[in-house]
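Scroll down for the structure; my scribbles are underneath it.
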Amino acid sequence: MDKTALSKDILKLVGGEENIEQVTHCMTRLRFNLNDNKKADKAALQKTDGVMGVMINGGQFQVIIGNDVPVVYNELVKNMKGAPEGKVSSSSADAGDKKKKSVLSSILDFISGSFTPILPAITGAGMIKGIIALLVALGWMGSTSSTYVILSAIGDGAFYFLPIILAVSAARKLGSNMYIGAAIGAAILHPTITTLLGAGEPVTFASLPVVAATYSSSVIPIIIAVWLASYVEKAVDKVTHASLKLIIVPTVTLLVIVPLTLIAVGPIGVIVGNGLTDGISWLFDNTGLFAGLLLGGTMSLLIITGMHYALIPIMIGSIATLGYDYMIPIMMVANFAQAGATFGVYLKTKNSKLKPLALSTSVTAMMGITEPAMYGVNMRFKKPFIAALIGGAAGGAFLSLFKVKAYVIGGLAGLSGIPMVLGATFVYSLIGFAIGIVVAAVATYIMGFEDEPEAAAAAASAATASVNSAVIADALEAEAALKVTEDIYSPITGEVKPLSEVNDPAFSEEIMGKGFAIQPSEGRVVSPVNGTVFSLSKSGHAIGLVSDNGAEMLIHIGIDTVKLKGLHFSPKVTAGTKVSVGDLLMEFDRAEIEKAGYSTITPVIITNIAEYSSIKPGGRTAVKEQELLYTVQA
């Protein structure tokens with residue numbers, strides 16, 4: 001691939017040099033701060049051979065390139081001959097530091113970053129609640145048996161103690177002490193406090209009235225409390241002598257925040273949370289099909305903008321307090337409509353290259369993974385995306401008309417999430433989902449779209465399907481025929497996580513490749529394979545390797561840690577270093593990175609995954625250095 005031509009195409013499609021305020025790069029993507037994001041042609045960029053994807057995060061326009069990004073960046077800089085000093089930066093620092101996020105972006109980032117890590121716990125508990133309900137409905141288990149009581153405790157536990165779980169996650173997102181956050185949640189849920197507030201008698205603290213409120217299963221009060229606690233904690237830490245920090249900082253934080261939560265923050269949060277939940281319920285209960293029509297027709301737009309994260313607290317609050325939620329089925333039908341629209345493209349197109357791409361992305365969208373269908377097909381051709389909105393509106397209207405509910409939170413918003421809607425309205429939910437699929441597919445077929453020439457579709461399909469690895473192609477050419485099943489050993493000691501828990505779409509949506517992530521418990525990275533280090537980011541946060549058998553790997557330490565500009569990272573190798581399993585690659589200060597407000601979760605992925613048939617997990621939830629993490633199968 002001609003990197004010079006690619007850089008010129010990118011420069012043109014982001015709106016030209018005059019639209020670029022600053023451009024940097026990290027390990028995998030070009031990061032633009034544009035004067036006007038609307039001047040960039042996202043659709044054309046996504047179709048450009050060599051571009052794996054395009055996303056806007058925190059106002060920053062990001063073009064995902066993959067392993068070739070340093071070369072493309074250098075060519076891009078050469079083409080910007082008139083760039084003033086500061087417009088480009090040879091460091092890998094994120095230009096987003098210069099331009100602050102909007103308040104809305106910051107709020108959505110906080111909500112998504114707080115809720116994403118706890119979703120597995122809520123999902124598991126929710127699925128158990130669904131199974132219990134099914135067993136009781138079928139008469140296979142009595143509601144008074146000890147088995148029922150124990151299973152109910154398992155299912156209810158995560159929801160009842162949700163403030164504690166959420167406090168830990170929110171504190172971590174804010175870079176404050178997670179265990180102080182947990183202590184705040186535990187205090188407001190303490191049985192003595194619960195009994196005191198539920199007794200119906202006036203309660204005061206230091207002569208100030210304490211408003212009675214129920215905090216179990218609540219969401220908003222603890223989020224506000226932990227947010228305030230982060231400021232108190234940092235302020236006290238700044239003025240406290242190092243020898244006294246361990247005692248003074250947590251003591252003052254708890255003494256300030258817990259009473260403040262009980263007196264003011266908690267009641268306000270409970271009122272707001274209950275108001276949102278009751279408002280949504282009223283809308284669905286009293287407006288017939290209008291609520292579903294509106295939300296079903298706009299849900300995909302909310303997902304594109306990230307606004308859907310604002311719905312998560314409402315969904316969880318509804319399940320926890322009412323026992324059901326109306327919005328989860330609407331989200332599902334919107335995803336099914338995306339699948340239907342892509343299937344309509346499959347039926348309509350005459351392009352032999354586009355047909356299999358449309359069919360495969362339609363299937364993945366049916367399973368609840370809509371990004372390939374949405375970005376790779378529907379938005380690319382525009383009219384299919386409009387058809388998907390129409391299908392979502394039609395299916396949503398039906399669901400709303402028959403008051404279809406989800407009773408648990410579990411699984412993706414696709415076929416795997418069907419157990420969420422098991423209940424009295426189950427049959428209506430299936431009909432509504434079918435309406436979304438069929439209407440979107442028919443609308444796509446009738447409306448049509450501008451079919452692509454064979455060559456253009458082939459290029460787009462190639463860009464979507466695999467990582468461009470031309471930078472190391474020469475080194476791998478002799479090994480290309482030697483791809484074999486290969487064990488990938490853990491480079492880090494810590495807790496194994498699915499990529500879906502990584503708060504970065506490039507990893508969670510497997511745009512860059514497949515594998516697993518590790519939440520480190522130590523600040524060391526060792527080689528997971530016998531091979532060669534082919535790249536090391538200037539900021540030290542990312543390492544690229546190629547194994548002796550040709551597996552191309554990326555170890556990305558933390559999320560957005562490029563902003564640290566190398567601080568707290570200590571590389572022990574350079575590009576070109578030959579390594580064996582267990583050789584030390586990097587040391588990093590995990591505590592300081594997290595204290596600075598960055599997640600240290602580390603994706604360990606195979607970037608040339610298209611050359612392998614599958615990935616088999618190693619079966620561990622906790623892993624040590626050099627233990628089997630996963631196996632890539634030829």
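How things are named: the first chain in the structure tokens is A, the next is B, and so on; residues count from 1 in each chain; ligands count from 1 in the order shown.
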
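Residues lying within 7 Å of stretch 578-581 of chain A, counting only C-alpha atoms and ignoring same-chain neighbours fewer than 5 positions away, are Ser527, Pro528, Val529, Asn530, Gly531, Thr532, Val533 and Gln626 of chain A.
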
Just-selected residues, N, CA and C atoms written as a compact mmCIF listing (two decimals), in the first residue's frame:
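What ended up in selection36.txt:
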# COMPACT_ATOMS: atom_id res chain seq x y z
N SER A 527 7.29 -10.68 27.83
CA SER A 527 6.91 -11.14 26.49
C SER A 527 5.98 -12.34 26.58
N PRO A 528 4.88 -12.31 25.83
CA PRO A 528 3.95 -13.45 25.82
C PRO A 528 4.31 -14.51 24.78
N VAL A 529 5.31 -14.22 23.94
CA VAL A 529 5.69 -15.12 22.85
C VAL A 529 7.21 -15.09 22.64
N ASN A 530 7.69 -16.04 21.90
CA ASN A 530 9.04 -15.97 21.36
C ASN A 530 8.95 -15.22 20.04
N GLY A 531 9.66 -14.10 19.93
CA GLY A 531 9.54 -13.32 18.71
C GLY A 531 10.37 -12.06 18.72
N THR A 532 9.81 -10.99 18.12
CA THR A 532 10.53 -9.74 17.95
C THR A 532 9.62 -8.56 18.30
N VAL A 533 10.18 -7.57 18.99
CA VAL A 533 9.47 -6.32 19.23
C VAL A 533 9.58 -5.50 17.94
N GLN A 626 3.44 -15.52 32.34
CA GLN A 626 3.87 -16.74 31.66
C GLN A 626 2.88 -17.90 31.79

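Within 7 Å of stretch 316-324 of chain A there are Phe159, Ser217, Ser218, Val219, Thr277, Ile312, Pro313, Lys405, Ala406, Tyr407 and Val408 of chain A, counting only C-alpha atoms and ignoring same-chain residues fewer than 3 positions away.
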
Same residues, N, CA, C and O atoms, saved as a tab-separated table (two decimals), in the first residue's frame:
chain	number	residue	atom	x	y	z
A	159	PHE	N	-27.91	-6.13	43.18
A	159	PHE	CA	-28.80	-4.97	43.06
A	159	PHE	C	-28.98	-4.27	44.41
A	159	PHE	O	-28.97	-3.05	44.48
A	217	SER	N	-30.24	-0.44	46.13
A	217	SER	CA	-30.53	-0.48	44.68
A	217	SER	C	-30.52	0.89	44.01
A	217	SER	O	-30.84	0.99	42.83
A	218	SER	N	-30.17	1.94	44.74
A	218	SER	CA	-30.17	3.28	44.14
A	218	SER	C	-28.88	3.52	43.35
A	218	SER	O	-27.86	2.87	43.57
A	219	VAL	N	-28.91	4.48	42.45
A	219	VAL	CA	-27.79	4.73	41.55
A	219	VAL	C	-27.27	6.17	41.68
A	219	VAL	O	-26.09	6.40	41.93
A	277	THR	N	-37.21	7.45	36.62
A	277	THR	CA	-37.83	6.13	36.44
A	277	THR	C	-39.34	6.24	36.29
A	277	THR	O	-39.93	5.65	35.39
A	312	ILE	N	-28.45	4.22	30.98
A	312	ILE	CA	-28.08	3.06	31.79
A	312	ILE	C	-28.55	3.18	33.24
A	312	ILE	O	-29.16	2.24	33.78
A	313	PRO	N	-28.31	4.32	33.91
A	313	PRO	CA	-28.81	4.43	35.29
A	313	PRO	C	-30.32	4.28	35.39
A	313	PRO	O	-30.83	3.73	36.37
A	405	LYS	N	-41.97	-5.48	28.36
A	405	LYS	CA	-41.01	-5.17	29.42
A	405	LYS	C	-39.83	-6.14	29.38
A	405	LYS	O	-39.95	-7.28	28.92
A	406	ALA	N	-38.70	-5.66	29.90
A	406	ALA	CA	-37.57	-6.54	30.23
A	406	ALA	C	-37.55	-6.67	31.74
A	406	ALA	O	-37.76	-5.68	32.46
A	407	TYR	N	-37.30	-7.88	32.22
A	407	TYR	CA	-37.39	-8.12	33.65
A	407	TYR	C	-36.02	-8.28	34.31
A	407	TYR	O	-35.92	-8.29	35.53
A	408	VAL	N	-34.99	-8.44	33.50
A	408	VAL	CA	-33.63	-8.55	34.02
A	408	VAL	C	-32.70	-7.81	33.06
A	408	VAL	O	-33.08	-7.46	31.94

Inset, instruction - Please identify all polymer residues within 12 Å of A:Val232, counting only C-alpha atoms, omitting same-chain residues fewer than 3 positions from it, and present them as a count of residues only. - result: 26

Legend entry - Separation of atom CA of A:Gly297 from atom CA of A:Ala434, in Å and rounded to one decimal: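 Value for the atom CA of A:Gly297-atom CA of A:Ala434 distance: 15.3 Å.
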
Inset, instruction - Name the residues of stretch 308-548 of chain A that fall into strand (DSSP E or B) according to DSSP on the backbone, using the chain letters and numbers of this document, as JSON, numbers by chain. - result: {"A": [325, 406, 486, 487, 488, 489, 494, 495, 496, 497, 514, 515, 516, 517, 518, 519, 520, 524, 525, 526, 531, 532, 533, 534, 535, 536, 542, 543, 544, 545, 546, 547]}

Legend entry - Counting only C-alpha atoms, the option among A:Ser614, A:Val525, A:Phe205, A:Pro603 closest to A:Val573: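 For A:Val573, the nearest of the given residues is A:Val525.
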
Inset, instruction - Work out how far atom CA of A:Ile601 is from atom CA of A:Ile557, in Å to one decimal. - result: 6.7 Å
